[in-house]
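Take a look at the structure set out below.
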Amino acid sequence: RFLTELDPAVVDRVKQFVLATRNIVITCHVSPDGDALGSSCALWFILKALGKNATVVTADCAPRSLQFLPGVREIVAATRNGDRVHDLIADADLIFCLDFNDITRVDRLSDAISKSPAKKVVIDHHLDPRIEGEIVISRPEISSTSALLYIFMWQAGWTRHLTRNSAACIYTGMMTDTGNFSYNSNDPDLYLIIHDLMRKGIDKDNLYKLVMNTSSESRIRIMGFAQYRMQILQPHRAAVIMLSEDELKEFGYSKGDTEGLVNIPLSMPEVTYSVFLREDAKNCVKVSMRSKGEFSVSRICEEHFGGGGHTNAAGGEFNGPLDKALQKLLEIIPTYDKYLQ
Ligand code: 5GP
Ligand code: MN
């Protein structure tokens with residue numbers, strides 16, 4: 001039915017794992033986005049429908065824009081309830097790792113998950129999986145973990161347990177990882193999946209509004225301020241946006257306020273890639289990059305900022321003051337000219 005087909009033997013093994021266990025933990029990457037939360041919550045609903053004792057645990061809380069997502073309120077976040085998260089991980093027979101390719105992406109949960117004797121099943125779409133698990137379903141060509149999970153569930157015969165709520169979770173993940181189906185969205189399977197989800201009763205127009213129309217005043221002002229000061233490095237086809245810790249404070253920044261900011265410079269035809277440096281704390285600069293076409297920002301993030309990601313969306317960190325982060329960036333940018341077309 002779908003162009004993408006998972007190895008039926010692998011799907012079957014996951015089903016056997018689930019059948020044989022009772023306590024299941026689902027987790028996703030730190031600072032969870034729509035795809036991480038959408039896939040996690042959707043799987044949670046299905047496992048509960050299968051009679052399992054399942055819990056979604058995360059390193060930190062869901063952003064405000066995703067609080068509406070069905071199931072999000074039942075997530076146990078380590079920043080709020082560290083002891084419970086550790087107990088759940090220790091008692092789990094099976095752990096689903098969704099939407100990450102490296103155990104460090106679960107941040108403070110890395111140790112607990114690595115040490116847990118539970119079997120691990122990874123379902124992910126990031127490049128170069130470096131994560132251990134009894135089963136690793138890694139399909140970087142699929143635009144979201146949520147779409148991949150849907151195909152998995154369809155092959156497993158689980159989609160009949162999908163409800164309007166769990167369908168909304170899958171849809172939200174697919175939508176947010178493709179910019180509302182404006183990039184990485186030429187896979188015909190996506191539209192077959194959407195057809196199924198709509199038949200489960202989702203209101204896709206309303207889901208878009210729920211995710212997108214949640215800006216705070218601080219977000220609108222910070223986004224404007226940052227764009228006003230953007231630097232364009234014209235010979236290198238790069239744009240750089242920066243926000244210092246003091247500026248964030250002054251604007252009353254709260255987490256999620258700069259979501260999507262790094263994408264904005266790409267709307268200029270002369271810009272091939274965009275970099276956003278955000279000083280989250282002293283000597284702790286979050287690096288976010290986006291690009292167009294073949295130009296790989298995950299390479300830059302891997303080689304210089306201890307991170308990674310996808311060809312067109314990647315991130316990492318710089319441990320040092322913001323001006324030093326900028327200095328390093330300006331030094332390395334010319335070395336990537338050779339990859340510009
Ligand atoms: P964002 O810029 O939205 O924070 O992240 C975009 C993508 O880059 C994420 O989906 C993730 O794949 C990757 N990414 C972001 N930060 C990091 C990081 O610190 N380490 C790694 N390995 N990947 C990251
Ligand atoms: Mn994803």
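FYI, nothing fancy with the structure tokens labels: chains A, B, ... in order, residues from 1 per chain, ligands from 1 as they appear.
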Test item, helix (DSSP H, G or I) assignment across segment 239-322 of chain A, answer as number ranges by chain = A: 245-250, 261-267, 297-304, 322
Go ahead and write the residues just picked, N, CA and C atoms, as a short mmCIF file (atom, residue, chain, number, x, y, z; two decimals), in the first residue's frame.
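Okay, result.cif is ready:
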data_model
loop_
_atom_site.label_atom_id
_atom_site.label_comp_id
_atom_site.auth_asym_id
_atom_site.auth_seq_id
_atom_site.Cartn_x
_atom_site.Cartn_y
_atom_site.Cartn_z
N GLU A 245 22.33 36.50 26.07
CA GLU A 245 21.55 36.19 27.27
C GLU A 245 20.86 37.45 27.80
N ASP A 246 21.58 38.57 27.79
CA ASP A 246 21.00 39.83 28.29
C ASP A 246 19.82 40.27 27.44
N GLU A 247 19.97 40.14 26.12
CA GLU A 247 18.87 40.54 25.23
C GLU A 247 17.65 39.66 25.46
N LEU A 248 17.89 38.37 25.61
CA LEU A 248 16.77 37.45 25.84
C LEU A 248 16.04 37.83 27.12
N LYS A 249 16.82 38.19 28.13
CA LYS A 249 16.24 38.59 29.42
C LYS A 249 15.40 39.84 29.26
N GLU A 250 15.99 40.81 28.56
CA GLU A 250 15.33 42.10 28.37
C GLU A 250 13.96 41.94 27.69
N LEU A 261 12.79 30.90 13.92
CA LEU A 261 13.55 32.11 13.55
C LEU A 261 14.64 31.80 12.53
N VAL A 262 15.36 30.71 12.74
CA VAL A 262 16.50 30.37 11.88
C VAL A 262 16.08 30.08 10.43
N ASN A 263 14.82 29.75 10.23
CA ASN A 263 14.34 29.47 8.87
C ASN A 263 14.13 30.73 8.05
N ILE A 264 13.85 31.83 8.72
CA ILE A 264 13.37 33.02 8.01
C ILE A 264 14.35 33.54 6.95
N PRO A 265 15.68 33.62 7.26
CA PRO A 265 16.60 34.15 6.24
C PRO A 265 16.63 33.31 4.95
N LEU A 266 16.23 32.05 5.03
CA LEU A 266 16.27 31.20 3.82
C LEU A 266 15.28 31.67 2.77
N SER A 267 14.34 32.52 3.16
CA SER A 267 13.39 32.99 2.15
C SER A 267 14.04 34.00 1.20
N VAL A 297 24.22 21.42 6.46
CA VAL A 297 24.58 22.08 7.70
C VAL A 297 24.88 21.07 8.82
N SER A 298 24.43 19.83 8.64
CA SER A 298 24.76 18.85 9.68
C SER A 298 26.27 18.61 9.69
N ARG A 299 26.89 18.71 8.50
CA ARG A 299 28.35 18.55 8.45
C ARG A 299 29.03 19.64 9.29
N ILE A 300 28.59 20.88 9.14
CA ILE A 300 29.21 21.97 9.90
C ILE A 300 29.00 21.75 11.39
N CYS A 301 27.79 21.37 11.76
CA CYS A 301 27.49 21.19 13.19
C CYS A 301 28.28 20.03 13.78
N GLU A 302 28.48 18.98 13.00
CA GLU A 302 29.29 17.85 13.47
C GLU A 302 30.75 18.24 13.61
N GLU A 303 31.25 18.94 12.58
CA GLU A 303 32.69 19.21 12.55
C GLU A 303 33.10 20.28 13.55
N HIS A 304 32.18 21.17 13.91
CA HIS A 304 32.61 22.30 14.74
C HIS A 304 31.79 22.55 15.99
N LEU A 322 29.32 34.36 23.70
CA LEU A 322 28.67 34.54 22.40
C LEU A 322 29.62 35.13 21.36
#
Fewer than 5 positions away in the same chain doesn't count, so skip those; otherwise give me all residues within 9 Å of Pro70 of chain A, counting only C-alpha atoms, as a count of residues only.
-> 7
Residue with the minimum atom-to-atom distance to ligand 1, picked from A:Lys209, A:His161, A:Arg219, A:His29 with only C-alpha atoms and all ligand atoms counted, is A:His29
Output the neighbourhood of ligand 1 as a PDB file with C-alpha atoms, in the first residue's frame, that is, all protein and nucleic acid residues with some atom at most 8 Å from the ligand, counting only C-alpha atoms and all ligand atoms.
ATOM      1  CA  SER A  31      13.442  20.064  23.840  1.00  0.00           C
ATOM      2  CA  ASP A  33       9.264  19.223  18.979  1.00  0.00           C
ATOM      3  CA  PHE A 100      16.623  10.585  17.974  1.00  0.00           C
ATOM      4  CA  ASN A 101      19.739   8.890  16.675  1.00  0.00           C
ATOM      5  CA  ASP A 102      22.182   9.366  19.537  1.00  0.00           C
ATOM      6  CA  THR A 104      23.068  12.035  24.206  1.00  0.00           C
ATOM      7  CA  ARG A 105      19.929  13.584  22.627  1.00  0.00           C
ATOM      8  CA  HIS A 126      17.826  11.172  11.574  1.00  0.00           C
ATOM      9  CA  GLU A 259      11.215  28.597  17.235  1.00  0.00           C
ATOM     10  CA  GLY A 260      11.362  28.992  13.444  1.00  0.00           C
ATOM     11  CA  VAL A 262      16.501  30.372  11.885  1.00  0.00           C
ATOM     12  CA  LYS A 286      22.910  26.925  21.269  1.00  0.00           C
ATOM     13  CA  VAL A 287      23.718  26.695  17.573  1.00  0.00           C
ATOM     14  CA  SER A 288      20.926  26.131  15.032  1.00  0.00           C
ATOM     15  CA  MET A 289      21.387  25.916  11.283  1.00  0.00           C
ATOM     16  CA  ARG A 290      19.139  25.546   8.243  1.00  0.00           C
ATOM     17  CA  SER A 298      24.763  18.847   9.685  1.00  0.00           C
ATOM     18  CA  CYS A 301      27.493  21.187  13.188  1.00  0.00           C
ATOM     19  CA  GLU A 302      29.290  17.848  13.467  1.00  0.00           C
ATOM     20  CA  PHE A 305      29.761  22.322  17.250  1.00  0.00           C
ATOM     21  CA  GLY A 306      29.577  18.798  18.644  1.00  0.00           C
ATOM     22  CA  GLY A 307      26.176  18.238  17.095  1.00  0.00           C
ATOM     23  CA  GLY A 308      24.532  17.034  13.937  1.00  0.00           C
ATOM     24  CA  GLY A 309      21.099  16.552  12.454  1.00  0.00           C
ATOM     25  CA  HIS A 310      19.859  16.482   8.898  1.00  0.00           C
ATOM     26  CA  ALA A 313      18.373  21.284   9.624  1.00  0.00           C
ATOM     27  CA  ALA A 314      21.019  20.757  12.240  1.00  0.00           C
ATOM     28  CA  GLY A 315      22.260  22.025  15.546  1.00  0.00           C
ATOM     29  CA  GLY A 316      24.944  21.869  18.157  1.00  0.00           C
ATOM     30  CA  GLU A 317      26.504  23.839  20.966  1.00  0.00           C
TER      31      GLU A 317
END
Please extract the residues at most 12 Å from ligand 2, counting only C-alpha atoms and all ligand atoms, and provide them as a PyMOL selection string, using the chain letters and residue numbers of this document.
-> chain A and resi 28-40+97-101+123-127+138-149+170+172-179+184+309-310+313-314
Those same residues - N, CA and C atoms - I'd like them written as a compact mmCIF listing (two decimals), in the first residue's frame.
# COMPACT_ATOMS: atom_id res chain seq x y z
N CYS A 28 11.72 10.46 23.83
CA CYS A 28 12.13 11.18 22.62
C CYS A 28 13.19 12.20 23.01
N HIS A 29 13.63 12.99 22.04
CA HIS A 29 14.75 13.89 22.33
C HIS A 29 14.38 15.07 23.23
N VAL A 30 15.42 15.64 23.86
CA VAL A 30 15.28 16.81 24.73
C VAL A 30 14.73 17.99 23.90
N SER A 31 14.13 18.97 24.54
CA SER A 31 13.44 20.06 23.84
C SER A 31 12.54 19.48 22.77
N PRO A 32 11.60 18.65 23.17
CA PRO A 32 10.84 17.90 22.17
C PRO A 32 10.03 18.81 21.26
N ASP A 33 10.03 18.46 19.97
CA ASP A 33 9.26 19.22 18.98
C ASP A 33 7.99 18.45 18.63
N GLY A 34 7.28 18.93 17.63
CA GLY A 34 6.00 18.32 17.27
C GLY A 34 6.14 16.87 16.86
N ASP A 35 7.24 16.55 16.19
CA ASP A 35 7.42 15.17 15.73
C ASP A 35 7.78 14.25 16.90
N ALA A 36 8.66 14.73 17.78
CA ALA A 36 9.06 13.93 18.93
C ALA A 36 7.83 13.64 19.81
N LEU A 37 7.07 14.69 20.10
CA LEU A 37 5.89 14.53 20.97
C LEU A 37 4.75 13.83 20.25
N GLY A 38 4.57 14.16 18.99
CA GLY A 38 3.47 13.55 18.23
C GLY A 38 3.65 12.04 18.12
N SER A 39 4.87 11.62 17.76
CA SER A 39 5.10 10.18 17.62
C SER A 39 5.01 9.50 18.99
N SER A 40 5.57 10.13 20.01
CA SER A 40 5.55 9.51 21.36
C SER A 40 4.13 9.36 21.88
N CYS A 97 12.55 4.34 21.72
CA CYS A 97 13.31 5.58 21.55
C CYS A 97 12.88 6.19 20.23
N LEU A 98 12.16 7.29 20.29
CA LEU A 98 11.57 7.86 19.08
C LEU A 98 12.20 9.20 18.72
N ASP A 99 12.51 9.36 17.46
CA ASP A 99 12.95 10.64 16.90
C ASP A 99 14.32 11.11 17.42
N PHE A 100 15.22 10.19 17.72
CA PHE A 100 16.62 10.58 17.97
C PHE A 100 17.56 9.46 17.59
N ASN A 101 18.79 9.85 17.24
CA ASN A 101 19.74 8.89 16.68
C ASN A 101 20.97 8.70 17.55
N ILE A 123 12.91 3.99 16.70
CA ILE A 123 12.24 4.35 15.45
C ILE A 123 12.59 5.81 15.19
N ASP A 124 13.30 6.05 14.09
CA ASP A 124 13.88 7.39 13.91
C ASP A 124 14.14 7.68 12.43
N HIS A 125 14.29 8.96 12.14
CA HIS A 125 14.57 9.37 10.75
C HIS A 125 15.76 10.30 10.64
N HIS A 126 16.62 10.35 11.68
CA HIS A 126 17.83 11.17 11.57
C HIS A 126 18.94 10.37 10.90
N LEU A 127 19.87 11.12 10.27
CA LEU A 127 21.01 10.47 9.60
C LEU A 127 21.92 9.79 10.62
N SER A 138 15.64 2.78 11.26
CA SER A 138 16.15 4.10 10.95
C SER A 138 15.92 4.36 9.47
N ARG A 139 15.10 5.36 9.16
CA ARG A 139 14.79 5.66 7.76
C ARG A 139 14.92 7.17 7.52
N PRO A 140 16.16 7.64 7.29
CA PRO A 140 16.39 9.08 7.12
C PRO A 140 15.66 9.68 5.92
N GLU A 141 15.23 8.85 4.98
CA GLU A 141 14.54 9.41 3.81
C GLU A 141 13.09 9.76 4.12
N ILE A 142 12.59 9.34 5.27
CA ILE A 142 11.21 9.66 5.64
C ILE A 142 11.21 11.00 6.38
N SER A 143 10.25 11.86 6.06
CA SER A 143 10.33 13.24 6.56
C SER A 143 10.03 13.38 8.05
N SER A 144 9.37 12.42 8.66
CA SER A 144 9.12 12.55 10.10
C SER A 144 9.07 11.16 10.73
N THR A 145 9.41 11.11 11.99
CA THR A 145 9.26 9.86 12.75
C THR A 145 7.78 9.49 12.82
N SER A 146 6.92 10.51 12.90
CA SER A 146 5.49 10.23 12.99
C SER A 146 4.97 9.48 11.77
N ALA A 147 5.41 9.89 10.57
CA ALA A 147 4.99 9.18 9.35
C ALA A 147 5.55 7.76 9.35
N LEU A 148 6.81 7.64 9.75
CA LEU A 148 7.44 6.31 9.81
C LEU A 148 6.71 5.41 10.81
N LEU A 149 6.37 5.99 11.95
CA LEU A 149 5.63 5.23 12.97
C LEU A 149 4.27 4.79 12.43
N ILE A 170 -0.11 12.03 15.25
CA ILE A 170 0.66 11.67 14.05
C ILE A 170 0.67 12.84 13.07
N THR A 172 0.27 16.02 13.58
CA THR A 172 1.06 17.16 14.08
C THR A 172 2.55 16.93 13.83
N GLY A 173 3.02 15.72 14.07
CA GLY A 173 4.43 15.41 13.82
C GLY A 173 4.79 15.53 12.35
N MET A 174 3.91 15.01 11.50
CA MET A 174 4.17 15.09 10.05
C MET A 174 4.18 16.55 9.59
N MET A 175 3.25 17.31 10.10
CA MET A 175 3.11 18.71 9.69
C MET A 175 4.31 19.55 10.16
N THR A 176 4.71 19.38 11.42
CA THR A 176 5.76 20.26 11.94
C THR A 176 7.13 19.93 11.34
N ASP A 177 7.39 18.67 11.02
CA ASP A 177 8.69 18.33 10.44
C ASP A 177 8.78 18.62 8.94
N THR A 178 7.68 19.06 8.33
CA THR A 178 7.73 19.41 6.90
C THR A 178 7.31 20.87 6.68
N GLY A 179 7.27 21.68 7.76
CA GLY A 179 6.81 23.06 7.59
C GLY A 179 5.45 23.10 6.92
N ASN A 184 10.59 18.66 2.29
CA ASN A 184 10.64 17.19 2.51
C ASN A 184 9.26 16.56 2.37
N GLY A 309 22.50 16.38 12.86
CA GLY A 309 21.10 16.55 12.45
C GLY A 309 20.90 16.07 11.04
N HIS A 310 20.16 16.84 10.29
CA HIS A 310 19.86 16.48 8.90
C HIS A 310 20.62 17.42 7.96
N ALA A 313 18.72 20.78 8.28
CA ALA A 313 18.37 21.28 9.62
C ALA A 313 19.26 20.59 10.62
N ALA A 314 20.08 21.37 11.30
CA ALA A 314 21.02 20.76 12.24
C ALA A 314 21.29 21.71 13.39
For each of A:Asp107, A:Ala54, A:Asp7, A:Leu329, take the minimum atom-to-atom distance to Ala78 of chain A, counting only C-alpha atoms, then give the residue where this is smallest.
->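 Of all the options, A:Asp107 lies closest to Ala78 of chain A.
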Spatial neighbours of segment 81-87 of chain A, max dist 12 Å, only C-alpha atoms, sep filter under 5 positions, as an MDAnalysis selection string = chainID A and resid 23 25:27 55:61 75:76 92 108:116
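In this model, the gap between atom CA of Leu19 of chain A and atom CA of Asp93 of chain A comes to 11.2 Å.
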